[in-house]
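Peer 1: Next up, data_38.cif (mmCIF, C-alpha atoms).
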data_model
#
loop_
_atom_site.label_atom_id
_atom_site.label_comp_id
_atom_site.auth_asym_id
_atom_site.auth_seq_id
_atom_site.Cartn_x
_atom_site.Cartn_y
_atom_site.Cartn_z
CA MET A 24 0.00 0.00 0.00
CA PHE A 25 2.76 2.45 0.97
CA GLU A 26 4.61 1.58 -2.24
CA ILE A 27 1.64 2.83 -4.23
CA LEU A 28 1.23 5.95 -2.07
CA ASN A 29 4.94 6.73 -2.40
CA LYS A 30 4.39 7.22 -6.13
CA ILE A 31 2.03 10.14 -5.47
CA SER A 32 3.48 13.47 -6.56
CA VAL A 33 2.28 17.07 -6.67
CA ALA A 34 1.27 16.48 -10.29
CA CYS A 35 -1.38 13.96 -9.14
CA PHE A 36 -3.56 16.31 -7.11
CA PHE A 37 -2.74 19.30 -9.33
CA THR A 38 -4.12 17.35 -12.30
CA SER A 39 -7.20 16.29 -10.34
CA TYR A 40 -8.05 19.88 -9.42
CA LEU A 41 -7.33 21.03 -12.98
CA LEU A 42 -9.74 18.42 -14.38
CA ALA A 43 -12.36 19.52 -11.87
CA LEU A 44 -11.98 23.08 -13.14
CA LEU A 45 -12.22 21.99 -16.78
CA ILE A 46 -15.37 19.99 -16.02
CA GLU A 47 -16.91 23.03 -14.35
CA LEU A 48 -15.92 25.27 -17.26
CA SER A 49 -17.79 22.94 -19.59
CA ARG A 50 -21.06 24.37 -18.22
CA LEU A 51 -20.33 27.40 -20.41
CA VAL A 52 -20.49 25.20 -23.52
CA PHE A 53 -22.94 22.34 -22.96
CA ASN A 54 -25.14 20.68 -20.35
CA PHE A 55 -23.72 17.67 -18.55
CA GLY A 56 -26.06 15.82 -16.20
CA ALA A 57 -23.34 14.16 -14.14
CA ARG A 58 -21.17 17.29 -13.89
CA SER A 59 -21.48 17.68 -10.13
CA ALA A 60 -20.67 14.02 -9.51
CA ALA A 61 -17.65 14.24 -11.82
CA VAL A 62 -16.36 17.37 -10.08
CA LEU A 63 -16.78 15.78 -6.65
CA MET A 64 -15.01 12.63 -7.86
CA MET A 65 -12.04 14.70 -9.07
CA MET A 66 -12.00 16.73 -5.85
CA GLY A 67 -12.17 13.57 -3.78
CA LEU A 68 -9.27 12.08 -5.71
CA GLY A 69 -7.30 15.30 -5.39
CA LEU A 70 -7.92 15.54 -1.63
CA PHE A 71 -6.96 11.90 -1.11
CA THR A 72 -3.71 12.20 -3.04
CA GLN A 73 -2.78 15.55 -1.48
CA ILE A 74 -3.45 14.36 2.08
CA SER A 75 -1.52 11.16 1.37
CA PHE A 76 1.37 13.17 -0.08
CA LEU A 77 1.60 15.42 2.99
CA PHE A 78 1.08 12.51 5.39
CA LEU A 79 3.99 10.64 3.84
CA ARG A 80 6.12 13.79 4.12
CA VAL A 81 5.43 13.70 7.85
CA LEU A 82 6.20 9.98 8.16
CA GLU A 83 9.39 10.23 6.14
CA GLY A 84 10.53 13.49 7.78
CA ASP A 85 13.61 13.18 9.95
CA VAL A 86 13.15 15.55 12.88
CA THR A 87 16.35 14.37 14.51
CA LYS A 88 18.22 16.70 12.17
CA GLU A 89 18.22 20.48 12.18
CA GLN A 90 15.56 20.59 9.47
CA GLY A 91 12.06 21.01 10.85
CA LEU A 92 8.99 18.97 9.97
CA LEU A 93 6.56 20.62 7.50
CA SER A 94 8.63 23.77 7.85
CA SER A 95 9.21 24.95 4.29
CA TRP A 96 7.33 27.56 2.29
CA ALA A 97 6.53 24.87 -0.28
CA GLU A 98 4.85 22.63 2.31
CA TRP A 99 2.96 25.56 3.81
CA SER A 100 1.69 26.50 0.36
CA LEU A 101 0.43 22.94 -0.13
CA LEU A 102 -1.24 23.02 3.28
CA LEU A 103 -2.96 26.27 2.37
CA ALA A 104 -4.11 24.76 -0.93
CA LEU A 105 -5.44 21.75 0.97
CA GLY A 106 -7.47 23.97 3.28
CA LEU A 107 -8.93 25.84 0.32
CA ALA A 108 -9.74 22.58 -1.44
CA ILE A 109 -11.55 21.18 1.60
CA PHE A 110 -13.52 24.40 2.05
CA PHE A 111 -14.48 24.47 -1.62
CA THR A 112 -15.56 20.81 -1.60
CA VAL A 113 -17.85 21.35 1.39
CA ALA A 114 -19.31 24.50 -0.16
CA TYR A 115 -19.78 22.75 -3.51
CA VAL A 116 -21.65 19.85 -1.90
CA ARG A 117 -24.07 22.36 -0.41
CA ARG A 118 -24.48 24.48 -3.57
CA SER A 119 -23.34 22.64 -6.67
CA ASP A 120 -25.59 24.80 -8.82
CA THR A 121 -23.34 27.84 -8.35
CA ILE A 122 -20.11 28.79 -10.13
CA ILE A 123 -17.91 29.17 -7.04
CA SER A 124 -15.50 26.74 -8.71
CA PHE A 125 -14.59 29.47 -11.21
CA PHE A 126 -13.07 31.41 -8.31
CA PHE A 127 -11.83 28.73 -5.91
CA LEU A 128 -10.17 26.22 -8.23
CA PRO A 129 -7.87 28.72 -10.01
CA LEU A 130 -6.71 29.98 -6.58
CA ILE A 131 -6.09 26.40 -5.41
CA LEU A 132 -4.07 25.65 -8.54
CA ALA A 133 -2.13 28.92 -8.16
CA THR A 134 -1.31 28.10 -4.53
CA ILE A 135 -0.01 24.67 -5.51
CA GLY A 136 1.98 26.32 -8.30
CA LEU A 137 3.50 28.68 -5.74
CA GLY A 138 4.54 25.66 -3.68
CA ILE A 139 6.28 24.19 -6.72
CA LEU A 140 7.95 27.54 -7.46
CA VAL A 141 9.45 27.88 -3.97
CA GLY A 142 10.20 24.16 -3.63
CA GLY A 143 13.94 24.75 -3.71
CA TRP A 144 13.95 27.23 -0.83
CA GLU A 145 15.73 26.15 2.36
CA PRO A 146 13.36 24.85 5.07
CA PHE A 147 13.31 26.45 8.50
CA SER A 148 15.27 24.95 11.36
CA ARG A 149 13.63 22.60 13.81
CA ASP A 150 13.48 25.19 16.61
CA ARG A 151 12.01 27.85 14.33
CA ALA A 152 9.49 25.39 12.93
CA THR A 153 8.44 24.52 16.49
CA ASN A 154 7.88 28.21 17.29
CA VAL A 155 5.87 28.79 14.09
CA TRP A 156 3.59 25.78 14.64
CA ALA A 157 3.23 26.70 18.31
CA SER A 158 2.01 30.17 17.27
CA ILE A 159 -0.46 28.67 14.79
CA HIS A 160 -1.65 26.22 17.45
CA GLY A 161 -2.20 28.95 20.03
CA LEU A 162 -3.91 31.39 17.66
CA ALA A 163 -6.20 28.71 16.19
CA MET A 164 -7.28 27.46 19.63
CA LEU A 165 -7.83 31.08 20.73
CA LEU A 166 -10.00 31.76 17.67
CA GLY A 167 -11.93 28.53 18.29
CA THR A 168 -12.49 29.55 21.91
CA GLY A 169 -13.79 32.95 20.89
CA ALA A 170 -16.09 31.45 18.25
CA VAL A 171 -17.64 29.04 20.77
CA LEU A 172 -18.22 31.91 23.21
CA VAL A 173 -19.84 34.04 20.49
CA GLY A 174 -22.07 31.12 19.52
CA PHE A 175 -23.00 30.59 23.16
CA LEU A 176 -24.02 34.23 23.53
CA ALA A 177 -25.98 34.07 20.29
CA GLY A 178 -27.82 31.04 21.66
CA VAL A 179 -28.63 32.82 24.91
CA MET A 180 -29.96 35.85 23.04
CA TYR A 181 -31.99 33.53 20.78
CA LEU A 182 -33.79 32.04 23.78
CA VAL A 183 -34.37 35.48 25.31
CA GLN A 184 -35.75 36.85 22.05
CA SER A 185 -37.92 33.76 21.54
CA TRP A 186 -39.33 34.17 25.06
CA ARG A 187 -40.02 37.87 24.43
CA LEU A 188 -41.81 37.08 21.18
CA LYS A 189 -44.11 34.67 22.99
CA LEU A 190 -44.90 37.41 25.50
CA LYS A 191 -45.24 39.95 22.66
CA ARG A 192 -42.51 42.18 24.11
CA ALA A 193 -40.00 41.97 21.26
CA GLY A 194 -41.03 45.32 19.80
CA SER A 195 -39.66 47.40 22.67
CA ARG A 196 -37.25 50.08 21.41
CA ARG A 197 -35.41 50.28 24.73
CA PHE A 198 -34.55 46.58 24.81
CA ARG A 199 -34.13 45.43 21.23
CA LEU A 200 -32.28 42.26 20.21
CA PRO A 201 -31.32 40.97 16.74
CA THR A 202 -33.91 38.89 14.91
CA LEU A 203 -34.15 35.15 15.44
CA GLU A 204 -32.89 34.57 11.89
CA THR A 205 -29.79 36.70 12.54
CA LEU A 206 -29.03 34.98 15.85
CA ASP A 207 -29.57 31.54 14.36
CA ARG A 208 -27.24 32.36 11.47
CA SER A 209 -24.62 33.73 13.89
CA ASN A 210 -24.81 30.56 15.95
CA ARG A 211 -24.28 28.35 12.92
CA GLN A 212 -21.37 30.44 11.64
CA SER A 213 -19.72 30.45 15.06
CA LEU A 214 -20.03 26.68 15.27
CA LEU A 215 -18.43 26.29 11.86
CA VAL A 216 -15.58 28.69 12.67
CA SER A 217 -14.91 27.02 16.01
CA THR A 218 -14.81 23.55 14.42
CA ILE A 219 -12.37 24.61 11.71
CA SER A 220 -10.20 26.60 14.14
CA VAL A 221 -9.97 23.85 16.73
CA GLY A 222 -9.20 21.34 13.96
CA ILE A 223 -6.34 23.53 12.72
CA GLY A 224 -5.17 23.99 16.31
CA VAL A 225 -5.12 20.23 16.97
CA ILE A 226 -3.17 19.50 13.77
CA ALA A 227 -0.72 22.35 14.42
CA GLY A 228 -0.23 21.09 17.97
CA MET A 229 0.61 17.62 16.72
CA ILE A 230 3.17 18.97 14.24
CA MET A 231 4.59 21.20 16.97
CA ASN A 232 5.07 18.18 19.26
CA LEU A 233 6.69 16.17 16.49
CA ASN A 234 9.16 18.99 15.88
CA GLN A 235 9.80 19.49 19.58
CA ASN A 236 9.78 15.98 21.02
CA ASN A 237 10.05 13.76 17.94
CA ARG A 238 6.88 12.02 19.16
CA LEU A 239 3.28 12.63 20.19
CA ILE A 240 2.50 12.36 23.89
CA TRP A 241 -0.96 10.82 23.53
CA THR A 242 -1.39 10.40 27.30
CA ASP A 243 -1.26 14.17 27.87
CA SER A 244 -4.66 15.28 29.18
CA GLY A 245 -4.55 18.48 27.11
CA ILE A 246 -4.12 16.52 23.87
CA ILE A 247 -6.81 13.99 24.78
CA LEU A 248 -9.41 16.60 25.66
CA SER A 249 -8.54 18.72 22.62
CA LEU A 250 -9.22 15.70 20.41
CA VAL A 251 -12.47 14.99 22.25
CA LEU A 252 -13.50 18.62 21.85
CA PHE A 253 -12.75 18.57 18.13
CA ALA A 254 -14.69 15.33 17.66
CA TRP A 255 -17.67 16.79 19.53
CA LEU A 256 -17.57 19.99 17.49
CA CYS A 257 -17.54 17.93 14.28
CA VAL A 258 -20.62 16.01 15.43
CA ALA A 259 -22.34 19.21 16.54
CA ALA A 260 -21.57 20.98 13.26
CA ALA A 261 -22.74 18.02 11.18
CA THR A 262 -25.96 17.78 13.19
CA GLU A 263 -26.56 21.52 12.92
CA PHE A 264 -26.05 21.64 9.15
CA PHE A 265 -27.82 18.41 8.15
CA TYR A 266 -30.55 17.98 10.80
CA ARG A 267 -33.62 20.22 10.50
CA PRO A 268 -35.90 19.98 13.54
CA ALA A 269 -38.80 22.33 14.23
CA SER A 270 -36.81 24.38 16.77
CA ARG A 271 -33.39 24.86 15.20
CA GLY A 272 -32.29 27.74 17.41
CA ARG A 273 -32.99 25.90 20.65
CA LYS A 274 -31.12 22.84 19.34
CA ALA A 275 -28.15 24.98 18.33
CA PHE A 276 -28.07 26.60 21.76
CA TYR A 277 -27.96 23.27 23.57
CA MET A 278 -25.16 22.07 21.31
CA THR A 279 -23.20 25.26 21.83
CA LEU A 280 -23.74 25.01 25.58
CA ALA A 281 -22.36 21.47 25.56
CA SER A 282 -19.44 22.63 23.40
CA LEU A 283 -18.76 25.41 25.89
CA GLY A 284 -18.58 22.84 28.68
CA PHE A 285 -16.13 20.71 26.72
CA LEU A 286 -14.10 23.79 25.86
CA LEU A 287 -13.85 24.95 29.47
CA LEU A 288 -12.83 21.44 30.50
CA ALA A 289 -10.14 21.29 27.81
CA LEU A 290 -8.82 24.76 28.64
CA SER A 291 -8.69 23.90 32.34
CA SER A 292 -6.68 20.81 31.57
CA VAL A 293 -4.32 22.71 29.28
CA ILE A 294 -3.77 25.55 31.77
CA PHE A 295 -3.21 23.31 34.76
CA SER A 296 -1.14 20.64 33.01
CA SER A 297 2.37 20.38 31.64
CA HIS A 298 0.91 20.77 28.13
CA GLY A 299 -0.04 24.37 28.77
CA VAL A 300 3.24 25.20 30.47
CA SER A 301 5.39 23.71 27.71
#
Show me the file's structure as structure tokens.
Peer 2:
Amino acid sequence: MFEILNKISVACFFTSYLLALLIELSRLVFNFGARSAAVLMMMGLGLFTQISFLFLRVLEGDVTKEQGLLSSWAEWSLLLALGLAIFFTVAYVRRSDTIISFFFLPLILATIGLGILVGGWEPFSRDRATNVWASIHGLAMLLGTGAVLVGFLAGVMYLVQSWRLKLKRAGSRRFRLPTLETLDRSNRQSLLVSTISVGIGVIAGMIMNLNQNNRLIWTDSGIILSLVLFAWLCVAAATEFFYRPASRGRKAFYMTLASLGFLLLALSSVIFSSHGVS
């Protein structure tokens, strides 16, 4: 299996994304009933090969030397392209009738091209790579924390506004809140931002540990609870975006409240453990 994966090159996922763009551009010329399925197939193939390529770079990286792991401009360009590709794929699944591919796919291809262009540049040292990934880890987790808190407040305001509507007091000019639609949308967006941010933070933390310790300390309570938090946020986000009950706002509030509890637990563990100190 690894022998096959070792044959994956940048050209594999670049070609997959290029074919996806060409398939999308064909809508300007003729109708193609299976266009969306073909685009998703190409994007799926591109994501698989790109993730495999980067994963093998991590496995084959020698962090015992001065060179850091995933610490070159080329690798960071490919990681950025991967993030854009994942975002586009999710957005395309939700709205395949739009032409967002005309904007996203050229940028993804350009970012990969940039990675190829700077491929010969010297990677950063192991210590510098550790500091960079530590900064990304901290900023991403901070952004995720803020997003969960914003979503929690949006949920609280949703319940207050819903209660005021039932009592017919929502029209007061002295105590006016945003509409239920606005609060519901804010809650959903906060949940999405927190999930993506915490996911980036977890991945950056893993790479930071590999650069720093040459291994992952899976028994660390901070790492365990961060992974649990990310898994919960993924489940909450999936439920929020694909499940449509009668009371969406109340459901979103309860999920955000549970996420807040997990987040406080994870932060407490990080602050009061060796993970936070190191």
Peer 1: Could you tell me, as a ChimeraX atom specification, exactly which residues end up selected when the PyMOL selection byres ((chain A and resi 164-180) around 6) is applied to this structure?
Peer 2: /A:161-163,181-184,206,210,213,217,220-221,224,276,279
Peer 1: Store the residues of this selection in a file with C-alpha atoms, as a JSON list (two decimals), in the coordinates of the input.
Peer 2:
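Writing done, so here's part_9.json:
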[["chain", "number", "residue", "atom", "x", "y", "z"],
["A", 161, "GLY", "CA", -2.20, 28.95, 20.03],
["A", 162, "LEU", "CA", -3.91, 31.39, 17.66],
["A", 163, "ALA", "CA", -6.20, 28.71, 16.19],
["A", 181, "TYR", "CA", -31.99, 33.53, 20.78],
["A", 182, "LEU", "CA", -33.79, 32.04, 23.78],
["A", 183, "VAL", "CA", -34.37, 35.48, 25.31],
["A", 184, "GLN", "CA", -35.75, 36.85, 22.05],
["A", 206, "LEU", "CA", -29.03, 34.98, 15.85],
["A", 210, "ASN", "CA", -24.81, 30.56, 15.95],
["A", 213, "SER", "CA", -19.72, 30.45, 15.06],
["A", 217, "SER", "CA", -14.91, 27.02, 16.01],
["A", 220, "SER", "CA", -10.20, 26.60, 14.14],
["A", 221, "VAL", "CA", -9.97, 23.85, 16.73],
["A", 224, "GLY", "CA", -5.17, 23.99, 16.31],
["A", 276, "PHE", "CA", -28.07, 26.60, 21.76],
["A", 279, "THR", "CA", -23.20, 25.26, 21.83]]
Peer 1: Pick out the closest residue to Ile226 of chain A from this set: A:Trp241, A:Phe264, A:Trp99, A:Trp156. Count all atoms listed in the file.
Peer 2: A:Trp156
Peer 1: Selected by the PyMOL selection byres ((chain A and resi 139) around 12) in the shown coordinates: which residues, as an MDAnalysis selection string?
Peer 2: chainID A and resid 32:34 37 95:101 104 132:138 140:144
Peer 1: Determine the nearest neighbour of Ile247 of chain A from the options A:Pro146, A:Gly284, A:Pro129, A:Gly228, counting only C-alpha atoms.
Peer 2: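 For Ile247 of chain A, the nearest of the candidates is A:Gly228.
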Peer 1: Quick one: apply the PyMOL selection byres ((chain A and resi 47-58) around 10) to the file and drop the selected residues here as a list in words.
Peer 2: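 Matching residues under the PyMOL selection byres ((chain A and resi 47-58) around 10) are Leu41, Leu42, Ala43, Leu44, Leu45, Ile46, Ser59, Ala60, Ala61, Val62, Leu63, Met64, Ser119, Ile122, Ile123, Ser124, Phe125 and Leu128 of chain A.
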Peer 1: What is the atom CA of Thr38 of chain A-atom CA of Arg80 of chain A distance in Å, reported with one decimal?
Peer 2: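 Going from atom CA of Thr38 of chain A over to atom CA of Arg80 of chain A covers 19.7 Å.
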Peer 1: Calculated over all atoms listed in the file, which of the candidates A:Leu103, A:Val216, A:Ala152, A:Leu252 has the smallest distance to Asn234 of chain A?
Peer 2: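 Once distances to Asn234 of chain A are computed over all atoms listed in the file, the minimum belongs to A:Ala152.
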Peer 1: Can you work out the spacing between atom CA of Gly69 of chain A and atom CA of Tyr40 of chain A in Å, to one decimal?
Peer 2: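 Atom CA of Gly69 of chain A sits 6.1 Å away from atom CA of Tyr40 of chain A.
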Peer 1: So what do you get for atom CA of Phe110 of chain A versus atom CA of Ile159 of chain A, distance-wise?
Peer 2: 18.7 Å
